[in-house]
Amino acid sequence: MTPEMWDRLRPFRDKAIAQGIPAEDVERWLATAARPCATLKRGGDGPVVGRFGGPLLLPADTPDPAHPFVAAIDLGALPADATDLHLPLEGHLLFFAFPETADAYESMGSVVYVRVGSAVVERDRHAWNSFGWEDYEAMFEEFPQGPLRATPQVSLPHHHSVELPGPLVGGPLPAHPRSEELIAVWENTRDDVAPEGPLQIGGYADEEAIDTDPVAIAVSRAVKAAEAGEWDGPVSDDVSDWVLLADWQAGMDVQGWESATVHWVIQREDLVERRFDRAFTSVFWNP
């Protein structure tokens with residue numbers, strides 16, 4: 001963790017220690033659990049790294065996505081070390097999602113990686129709605145639009161049971177014995193430390209229901225989707241083999257879909273191999 005991250009977490013450390021949690025337990029939690037992430041908002045003074053909505057530009061040989069277009073991120077514009085993800089240093093990531101919980105175990109979105117220099121053509125942003133459903137089209141019209149500015153942030157778990165990625169090893173570390181208390185402190189200090197935004201790259205998944213890990217739920221859905229033939233394998237059922245690519249708090253903007261949160265997750269091996277077409281999209285929605 002960088003010195004800047006340590007300094008930013010000072011309010012969290014101070015409050016946790018003031019509540020009687022031993023300093024060594026707090027430091028061990030931060031050393032193993034804290035992760036960098038990037039919060040993306042339409043306002044602020046951070047660098048522009050992409051945009052919500054806008055024209056849909058895809059390579060000619062890429063099929064029309066089956067879900068609405070959410071945002072495009074310029075990976076070359078992301079601040080250095082903004083996340084601990086093994087992302088490409090250039091190119092664009094395009095995120096697609098329908099902010100509603102699936103009836104079955106299907107993926108509710110997708111990710112497209114457009115390499116630098118790829119010839120792209122503008123597509124119909126409404127092609128996903130081939131049946132012309134008016135209520136869904138009205139929902140899509142409320143999707144946010146405009147430039148996205150990035151702020152490097154720090155992320156801590158929001159759920160009580162979590163496998164923590166170590167800084168130098170790929171496997172999970174044991175859960176912290178005081179994790180529930182520390183997570184409660186994080187919920188009380190997060191707004192002062194790392195205010196959330198509608199879109200987050202990397203870090204820990206967040207949603208309205210946070211007792212369990214949203215990434216673990218997404219992985220279980222991906223496994224069942226593969227078993228049902230709704231999604232191509234191979235799929236690992238080990239949560240430590242997966243990572244959160246991005247979170248979208250759709251309910252912040254889309255009326256009628258309040259509390260909806262989209263989680264794009266990907267297997268670490270697929271991320272390294274740039275197989276973004278194998279990202280799985282899980283949605284939490286409490287209508």
# chains A, B, ... in the order shown; residues from 1 in each chain; ligands from 1
call {"tool": "select_by_dssp", "arguments": {"residues": "range 71-277 of chain A", "states": "strand (DSSP E)", "output": "number ranges by chain"}}
result
A: 71-74, 92-97, 109-114, 120-123, 146-155, 164-165, 172-173, 199-202, 242-248, 261-267
call {"tool": "residues_around", "arguments": {"residues": "range 11-21 of chain A", "least_positions_apart": "3", "cutoff": "8 Å", "atoms": "only C-alpha atoms", "output": "short mmCIF file (atom, residue, chain, number, x, y, z; two decimals) with all heavy atoms, in the first residue's frame"}}
result
data_model
loop_
_atom_site.label_atom_id
_atom_site.label_comp_id
_atom_site.auth_asym_id
_atom_site.auth_seq_id
_atom_site.Cartn_x
_atom_site.Cartn_y
_atom_site.Cartn_z
N ARG A 8 -4.55 8.36 3.81
CA ARG A 8 -5.98 8.54 3.57
C ARG A 8 -6.80 7.72 4.54
O ARG A 8 -7.92 8.08 4.90
CB ARG A 8 -6.30 8.15 2.12
CG ARG A 8 -7.72 8.42 1.70
CD ARG A 8 -7.89 8.17 0.22
NE ARG A 8 -7.13 9.14 -0.55
CZ ARG A 8 -6.92 9.04 -1.86
NH1 ARG A 8 -7.39 8.01 -2.53
NH2 ARG A 8 -6.22 9.96 -2.49
N ASP A 25 -4.28 -5.26 15.40
CA ASP A 25 -5.34 -5.87 14.59
C ASP A 25 -5.77 -4.95 13.46
O ASP A 25 -6.05 -5.39 12.35
CB ASP A 25 -6.55 -6.21 15.47
CG ASP A 25 -6.34 -7.47 16.30
OD1 ASP A 25 -5.43 -8.24 15.95
OD2 ASP A 25 -7.07 -7.67 17.27
N VAL A 26 -5.82 -3.65 13.75
CA VAL A 26 -6.19 -2.68 12.72
C VAL A 26 -5.13 -2.66 11.63
O VAL A 26 -5.44 -2.69 10.43
CB VAL A 26 -6.35 -1.27 13.33
CG1 VAL A 26 -6.68 -0.26 12.23
CG2 VAL A 26 -7.44 -1.27 14.39
N GLU A 27 -3.86 -2.62 12.01
CA GLU A 27 -2.78 -2.56 11.03
C GLU A 27 -2.74 -3.83 10.19
O GLU A 27 -2.48 -3.78 8.98
CB GLU A 27 -1.44 -2.35 11.74
CG GLU A 27 -1.34 -1.05 12.53
CD GLU A 27 -1.49 0.18 11.65
OE1 GLU A 27 -1.08 0.14 10.48
OE2 GLU A 27 -2.04 1.19 12.14
N LEU A 182 -14.43 -4.28 12.17
CA LEU A 182 -13.68 -3.39 11.29
C LEU A 182 -14.51 -2.94 10.10
O LEU A 182 -14.40 -1.80 9.64
CB LEU A 182 -12.39 -4.09 10.85
CG LEU A 182 -11.34 -4.24 11.95
CD1 LEU A 182 -10.34 -5.33 11.61
CD2 LEU A 182 -10.63 -2.92 12.20
N VAL A 185 -16.72 -0.18 11.22
CA VAL A 185 -15.98 1.09 11.28
C VAL A 185 -15.84 1.68 9.87
O VAL A 185 -15.98 2.89 9.68
CB VAL A 185 -14.59 0.87 11.92
CG1 VAL A 185 -13.76 2.17 11.85
CG2 VAL A 185 -14.73 0.42 13.37
N TRP A 186 -15.56 0.83 8.90
CA TRP A 186 -15.43 1.30 7.52
C TRP A 186 -16.72 1.94 7.03
O TRP A 186 -16.70 3.00 6.39
CB TRP A 186 -15.03 0.15 6.61
CG TRP A 186 -14.92 0.50 5.16
CD1 TRP A 186 -15.64 -0.03 4.13
CD2 TRP A 186 -14.03 1.44 4.55
NE1 TRP A 186 -15.26 0.51 2.92
CE2 TRP A 186 -14.27 1.43 3.15
CE3 TRP A 186 -13.06 2.31 5.05
CZ2 TRP A 186 -13.58 2.24 2.26
CZ3 TRP A 186 -12.36 3.12 4.15
CH2 TRP A 186 -12.63 3.07 2.78
N THR A 189 -16.89 5.45 8.36
CA THR A 189 -15.83 6.41 8.00
C THR A 189 -15.60 6.52 6.50
O THR A 189 -14.86 7.40 6.06
CB THR A 189 -14.49 6.00 8.66
OG1 THR A 189 -14.13 4.68 8.24
CG2 THR A 189 -14.60 6.05 10.17
N ARG A 190 -16.24 5.67 5.73
CA ARG A 190 -15.95 5.63 4.29
C ARG A 190 -16.19 6.97 3.61
O ARG A 190 -15.41 7.39 2.75
CB ARG A 190 -16.78 4.54 3.62
CG ARG A 190 -16.54 4.47 2.12
CD ARG A 190 -17.44 3.47 1.45
NE ARG A 190 -17.22 3.47 0.02
CZ ARG A 190 -17.92 2.74 -0.84
NH1 ARG A 190 -18.87 1.95 -0.39
NH2 ARG A 190 -17.67 2.80 -2.13
N ASP A 192 -15.76 9.86 4.60
CA ASP A 192 -14.66 10.78 4.85
C ASP A 192 -13.37 10.32 4.18
O ASP A 192 -12.49 11.14 3.88
CB ASP A 192 -14.41 10.92 6.35
CG ASP A 192 -15.60 11.53 7.08
OD1 ASP A 192 -16.28 12.40 6.48
OD2 ASP A 192 -15.85 11.13 8.23
N VAL A 193 -13.24 9.02 3.97
CA VAL A 193 -12.00 8.46 3.44
C VAL A 193 -12.04 8.33 1.92
O VAL A 193 -11.13 8.79 1.22
CB VAL A 193 -11.72 7.08 4.08
CG1 VAL A 193 -10.48 6.43 3.44
CG2 VAL A 193 -11.55 7.20 5.58
#
call {"tool": "residues_around", "arguments": {"residues": "Val154 in chain A", "least_positions_apart": "4", "cutoff": "9 Å", "atoms": "only C-alpha atoms", "output": "PDB file with N, CA and C atoms, in the first residue's frame"}}
result
ATOM      1  N   MET A   5      -2.147   6.037   0.432  1.00  0.00           N
ATOM      2  CA  MET A   5      -3.265   5.230   0.893  1.00  0.00           C
ATOM      3  C   MET A   5      -3.264   5.134   2.420  1.00  0.00           C
ATOM      4  N   ARG A   8      -4.548   8.358   3.808  1.00  0.00           N
ATOM      5  CA  ARG A   8      -5.978   8.536   3.569  1.00  0.00           C
ATOM      6  C   ARG A   8      -6.798   7.717   4.544  1.00  0.00           C
ATOM      7  N   LEU A   9      -6.250   6.591   4.986  1.00  0.00           N
ATOM      8  CA  LEU A   9      -6.978   5.702   5.887  1.00  0.00           C
ATOM      9  C   LEU A   9      -6.852   6.103   7.362  1.00  0.00           C
ATOM     10  N   ALA A  34      -6.665  -3.773   2.418  1.00  0.00           N
ATOM     11  CA  ALA A  34      -6.810  -2.535   1.646  1.00  0.00           C
ATOM     12  C   ALA A  34      -6.361  -2.736   0.201  1.00  0.00           C
ATOM     13  N   ARG A  35      -7.182  -2.226  -0.720  1.00  0.00           N
ATOM     14  CA  ARG A  35      -6.875  -2.339  -2.148  1.00  0.00           C
ATOM     15  C   ARG A  35      -7.128  -0.996  -2.824  1.00  0.00           C
ATOM     16  N   PRO A  36      -6.288  -0.633  -3.793  1.00  0.00           N
ATOM     17  CA  PRO A  36      -6.553   0.596  -4.542  1.00  0.00           C
ATOM     18  C   PRO A  36      -7.682   0.377  -5.538  1.00  0.00           C
ATOM     19  N   CYS A  37      -8.405   1.426  -5.835  1.00  0.00           N
ATOM     20  CA  CYS A  37      -9.452   1.380  -6.847  1.00  0.00           C
ATOM     21  C   CYS A  37      -9.594   2.780  -7.434  1.00  0.00           C
ATOM     22  N   ALA A  38     -10.363   2.905  -8.475  1.00  0.00           N
ATOM     23  CA  ALA A  38     -10.621   4.200  -9.091  1.00  0.00           C
ATOM     24  C   ALA A  38     -12.115   4.466  -9.046  1.00  0.00           C
ATOM     25  N   THR A  83      -5.465   1.018  -9.714  1.00  0.00           N
ATOM     26  CA  THR A  83      -6.016  -0.250  -9.247  1.00  0.00           C
ATOM     27  C   THR A  83      -4.887  -1.266  -9.142  1.00  0.00           C
ATOM     28  N   VAL A 193     -13.241   9.016   3.973  1.00  0.00           N
ATOM     29  CA  VAL A 193     -11.997   8.457   3.439  1.00  0.00           C
ATOM     30  C   VAL A 193     -12.040   8.331   1.924  1.00  0.00           C
ATOM     31  N   ALA A 194     -13.089   7.698   1.414  1.00  0.00           N
ATOM     32  CA  ALA A 194     -13.174   7.388  -0.014  1.00  0.00           C
ATOM     33  C   ALA A 194     -14.634   7.436  -0.456  1.00  0.00           C
ATOM     34  N   GLY A 203     -11.003  -2.838  -6.765  1.00  0.00           N
ATOM     35  CA  GLY A 203     -11.406  -2.772  -5.368  1.00  0.00           C
ATOM     36  C   GLY A 203     -12.394  -3.858  -4.995  1.00  0.00           C
TER      37      GLY A 203
END
call {"tool": "closest_residue", "arguments": {"among": "A:Asp61, A:Asp211, A:Asp238, A:Asp45", "to": "Ala150 in chain A", "atoms": "only C-alpha atoms"}}
result
A:Asp45
call {"tool": "atom_distance", "arguments": {"atom1": "CA of Asp213 in chain A", "atom2": "CA of Pro177 in chain A"}}
result
16.8 Å
call {"tool": "closest_atom_pairs", "arguments": {"of": "range 145-246 of chain A", "to": "range 260-263 of chain A", "cutoff": "8 Å", "atoms": "only C-alpha atoms", "output": "Markdown table"}}
result
| residue | atom | partner | partner_atom | distance |
| --- | --- | --- | --- | --- |
| A:Ala205 | CA | A:His263 | CA | 7.1 |
| A:Asp206 | CA | A:Thr261 | CA | 7.9 |
| A:Glu207 | CA | A:Thr261 | CA | 6.0 |
| A:Pro214 | CA | A:His263 | CA | 7.6 |
| A:Val215 | CA | A:His263 | CA | 7.5 |
| A:Ala218 | CA | A:His263 | CA | 7.6 |
| A:Leu244 | CA | A:His263 | CA | 7.1 |
| A:Leu245 | CA | A:His263 | CA | 7.7 |
| A:Ala246 | CA | A:His263 | CA | 6.1 |
call {"tool": "write_last_selection", "arguments": {"atoms": "C-alpha atoms", "output": "short mmCIF file (atom, residue, chain, number, x, y, z; two decimals), in the first residue's frame"}}
result
data_model
loop_
_atom_site.label_atom_id
_atom_site.label_comp_id
_atom_site.auth_asym_id
_atom_site.auth_seq_id
_atom_site.Cartn_x
_atom_site.Cartn_y
_atom_site.Cartn_z
CA ALA A 205 -17.73 -4.96 -4.64
CA ASP A 206 -20.42 -2.95 -2.90
CA GLU A 207 -24.21 -3.07 -2.90
CA PRO A 214 -21.09 -9.90 -4.17
CA VAL A 215 -18.16 -11.38 -6.11
CA ALA A 218 -21.43 -13.63 -9.06
CA LEU A 244 -14.06 -7.49 -9.46
CA LEU A 245 -13.50 -5.62 -12.71
CA ALA A 246 -16.07 -2.87 -12.12
#
call {"tool": "closest_residue", "arguments": {"among": "A:Glu181, A:Ser220, A:Arg149, A:Asn129", "to": "Ala77 in chain A", "atoms": "only C-alpha atoms"}}
result
A:Arg149
call {"tool": "atom_distance", "arguments": {"atom1": "CA of Ser236 in chain A", "atom2": "CA of Ala72 in chain A"}}
result
27.6 Å
call {"tool": "residues_around", "arguments": {"residues": "Pro99 in chain A", "least_positions_apart": "3", "cutoff": "10 Å", "atoms": "only C-alpha atoms", "output": "compact mmCIF listing (two decimals) with N, CA and C atoms, in the first residue's frame"}}
result
# COMPACT_ATOMS: atom_id res chain seq x y z
N HIS A 67 -26.84 -6.39 -24.50
CA HIS A 67 -27.27 -5.58 -23.36
C HIS A 67 -26.97 -4.11 -23.62
N PRO A 68 -27.65 -3.20 -22.92
CA PRO A 68 -27.45 -1.77 -23.15
C PRO A 68 -26.02 -1.32 -22.86
N PHE A 96 -21.31 -3.12 -20.75
CA PHE A 96 -22.71 -3.27 -21.12
C PHE A 96 -23.43 -3.99 -19.99
N ALA A 102 -31.23 -11.44 -13.02
CA ALA A 102 -31.63 -12.45 -14.00
C ALA A 102 -32.63 -13.43 -13.41
N MET A 108 -25.86 -10.82 -17.12
CA MET A 108 -26.72 -9.69 -17.43
C MET A 108 -25.94 -8.53 -18.07
N GLY A 109 -24.81 -8.83 -18.65
CA GLY A 109 -24.03 -7.81 -19.32
C GLY A 109 -22.81 -8.42 -19.97
N MET A 139 -36.22 2.96 -19.70
CA MET A 139 -35.16 2.74 -18.72
C MET A 139 -33.80 3.12 -19.32
N PHE A 140 -33.54 2.69 -20.55
CA PHE A 140 -32.26 2.97 -21.19
C PHE A 140 -32.06 4.46 -21.42
N TRP A 248 -21.13 -0.79 -10.92
CA TRP A 248 -21.92 0.37 -11.33
C TRP A 248 -23.14 0.47 -10.43
N GLN A 249 -23.24 1.58 -9.70
CA GLN A 249 -24.40 1.83 -8.85
C GLN A 249 -25.51 2.42 -9.74
N ALA A 250 -26.15 1.55 -10.49
CA ALA A 250 -27.13 2.00 -11.48
C ALA A 250 -28.29 2.75 -10.84
N GLY A 251 -28.65 2.35 -9.63
CA GLY A 251 -29.79 2.98 -8.97
C GLY A 251 -29.59 4.44 -8.65
N VAL A 254 -30.86 5.65 -12.56
CA VAL A 254 -31.95 5.08 -13.35
C VAL A 254 -33.20 4.95 -12.49
N TRP A 257 -35.11 1.74 -10.93
CA TRP A 257 -34.13 0.68 -10.66
C TRP A 257 -33.27 1.05 -9.46
N GLU A 258 -33.89 1.78 -8.51
CA GLU A 258 -33.18 2.16 -7.30
C GLU A 258 -32.65 0.91 -6.60
N SER A 259 -31.47 1.02 -6.03
CA SER A 259 -30.73 -0.04 -5.34
C SER A 259 -30.08 -1.03 -6.28
N ALA A 260 -30.30 -0.90 -7.59
CA ALA A 260 -29.68 -1.83 -8.53
C ALA A 260 -28.17 -1.57 -8.60
N THR A 261 -27.40 -2.64 -8.48
CA THR A 261 -25.95 -2.57 -8.59
C THR A 261 -25.47 -3.65 -9.55
N VAL A 262 -24.62 -3.26 -10.48
CA VAL A 262 -24.08 -4.17 -11.47
C VAL A 262 -22.64 -4.50 -11.09
N HIS A 263 -22.31 -5.80 -11.11
CA HIS A 263 -20.95 -6.25 -10.82
C HIS A 263 -20.41 -6.98 -12.05
N THR A 281 -21.41 -10.91 -15.68
CA THR A 281 -22.10 -9.76 -15.09
C THR A 281 -23.24 -10.23 -14.19
N SER A 282 -23.15 -9.85 -12.92
CA SER A 282 -24.18 -10.17 -11.94
C SER A 282 -24.81 -8.88 -11.47
N VAL A 283 -26.12 -8.93 -11.20
CA VAL A 283 -26.85 -7.72 -10.79
C VAL A 283 -27.59 -7.99 -9.49
N PHE A 284 -27.44 -7.07 -8.55
CA PHE A 284 -28.29 -7.07 -7.35
C PHE A 284 -29.34 -5.99 -7.53
N TRP A 285 -30.60 -6.36 -7.32
CA TRP A 285 -31.69 -5.37 -7.42
C TRP A 285 -32.76 -5.73 -6.43
call {"tool": "closest_residue", "arguments": {"among": "A:Ile217, A:Ile201, A:Met252, A:Ala226", "to": "Pro144 in chain A", "atoms": "only C-alpha atoms"}}
result
A:Met252
call {"tool": "select_by_dssp", "arguments": {"residues": "range 91-190 of chain A", "states": "helix (DSSP H, G or I)", "output": "list in words"}}
result
Glu134, Asp135, Tyr136, Glu137, Ala138, Met139, Phe140, Glu141, Ser179, Glu180, Glu181, Leu182, Ile183, Ala184, Val185, Trp186, Glu187, Asn188, Thr189 and Arg190 of chain A
call {"tool": "residues_around", "arguments": {"residues": "Val121 in chain A", "least_positions_apart": "2", "cutoff": "9 Å", "atoms": "only C-alpha atoms", "output": "list in words"}}
result
Leu56, Leu57, Leu58, Pro59, Ala60, Ala119 and Arg123 of chain A
call {"tool": "write_last_selection", "arguments": {"atoms": "N, CA, C and O atoms", "output": "PDB file, in the first residue's frame"}}
result
ATOM      1  N   LEU A  56     -21.592   4.463 -29.674  1.00  0.00           N
ATOM      2  CA  LEU A  56     -21.115   3.105 -29.458  1.00  0.00           C
ATOM      3  C   LEU A  56     -20.199   2.736 -30.619  1.00  0.00           C
ATOM      4  O   LEU A  56     -20.645   2.525 -31.738  1.00  0.00           O
ATOM      5  N   LEU A  57     -18.883   2.670 -30.350  1.00  0.00           N
ATOM      6  CA  LEU A  57     -17.874   2.414 -31.369  1.00  0.00           C
ATOM      7  C   LEU A  57     -17.242   1.050 -31.123  1.00  0.00           C
ATOM      8  O   LEU A  57     -16.592   0.833 -30.092  1.00  0.00           O
ATOM      9  N   LEU A  58     -17.449   0.127 -32.060  1.00  0.00           N
ATOM     10  CA  LEU A  58     -16.955  -1.236 -31.925  1.00  0.00           C
ATOM     11  C   LEU A  58     -16.244  -1.679 -33.201  1.00  0.00           C
ATOM     12  O   LEU A  58     -16.570  -1.203 -34.297  1.00  0.00           O
ATOM     13  N   PRO A  59     -15.286  -2.610 -33.067  1.00  0.00           N
ATOM     14  CA  PRO A  59     -14.679  -3.182 -34.274  1.00  0.00           C
ATOM     15  C   PRO A  59     -15.747  -3.842 -35.151  1.00  0.00           C
ATOM     16  O   PRO A  59     -16.756  -4.355 -34.647  1.00  0.00           O
ATOM     17  N   ALA A  60     -15.534  -3.820 -36.437  1.00  0.00           N
ATOM     18  CA  ALA A  60     -16.540  -4.317 -37.383  1.00  0.00           C
ATOM     19  C   ALA A  60     -16.877  -5.776 -37.152  1.00  0.00           C
ATOM     20  O   ALA A  60     -18.013  -6.204 -37.407  1.00  0.00           O
ATOM     21  N   ALA A 119      -9.827  -0.596 -36.066  1.00  0.00           N
ATOM     22  CA  ALA A 119     -10.798   0.145 -36.872  1.00  0.00           C
ATOM     23  C   ALA A 119     -12.180  -0.092 -36.285  1.00  0.00           C
ATOM     24  O   ALA A 119     -12.597  -1.238 -36.100  1.00  0.00           O
ATOM     25  N   ARG A 123     -22.201   1.887 -33.953  1.00  0.00           N
ATOM     26  CA  ARG A 123     -23.309   0.938 -33.938  1.00  0.00           C
ATOM     27  C   ARG A 123     -24.568   1.601 -33.400  1.00  0.00           C
ATOM     28  O   ARG A 123     -24.525   2.643 -32.734  1.00  0.00           O
TER      29      ARG A 123
END
call {"tool": "closest_residue", "arguments": {"among": "A:Asp81, A:Glu4, A:Asp191, A:Glu106", "to": "Gly229 in chain A", "atoms": "only C-alpha atoms"}}
result
A:Glu106
call {"tool": "closest_residue", "arguments": {"among": "A:Asp247, A:Glu100, A:Asp7, A:Asp135", "to": "Ala71 in chain A", "atoms": "only C-alpha atoms"}}
result
A:Asp247
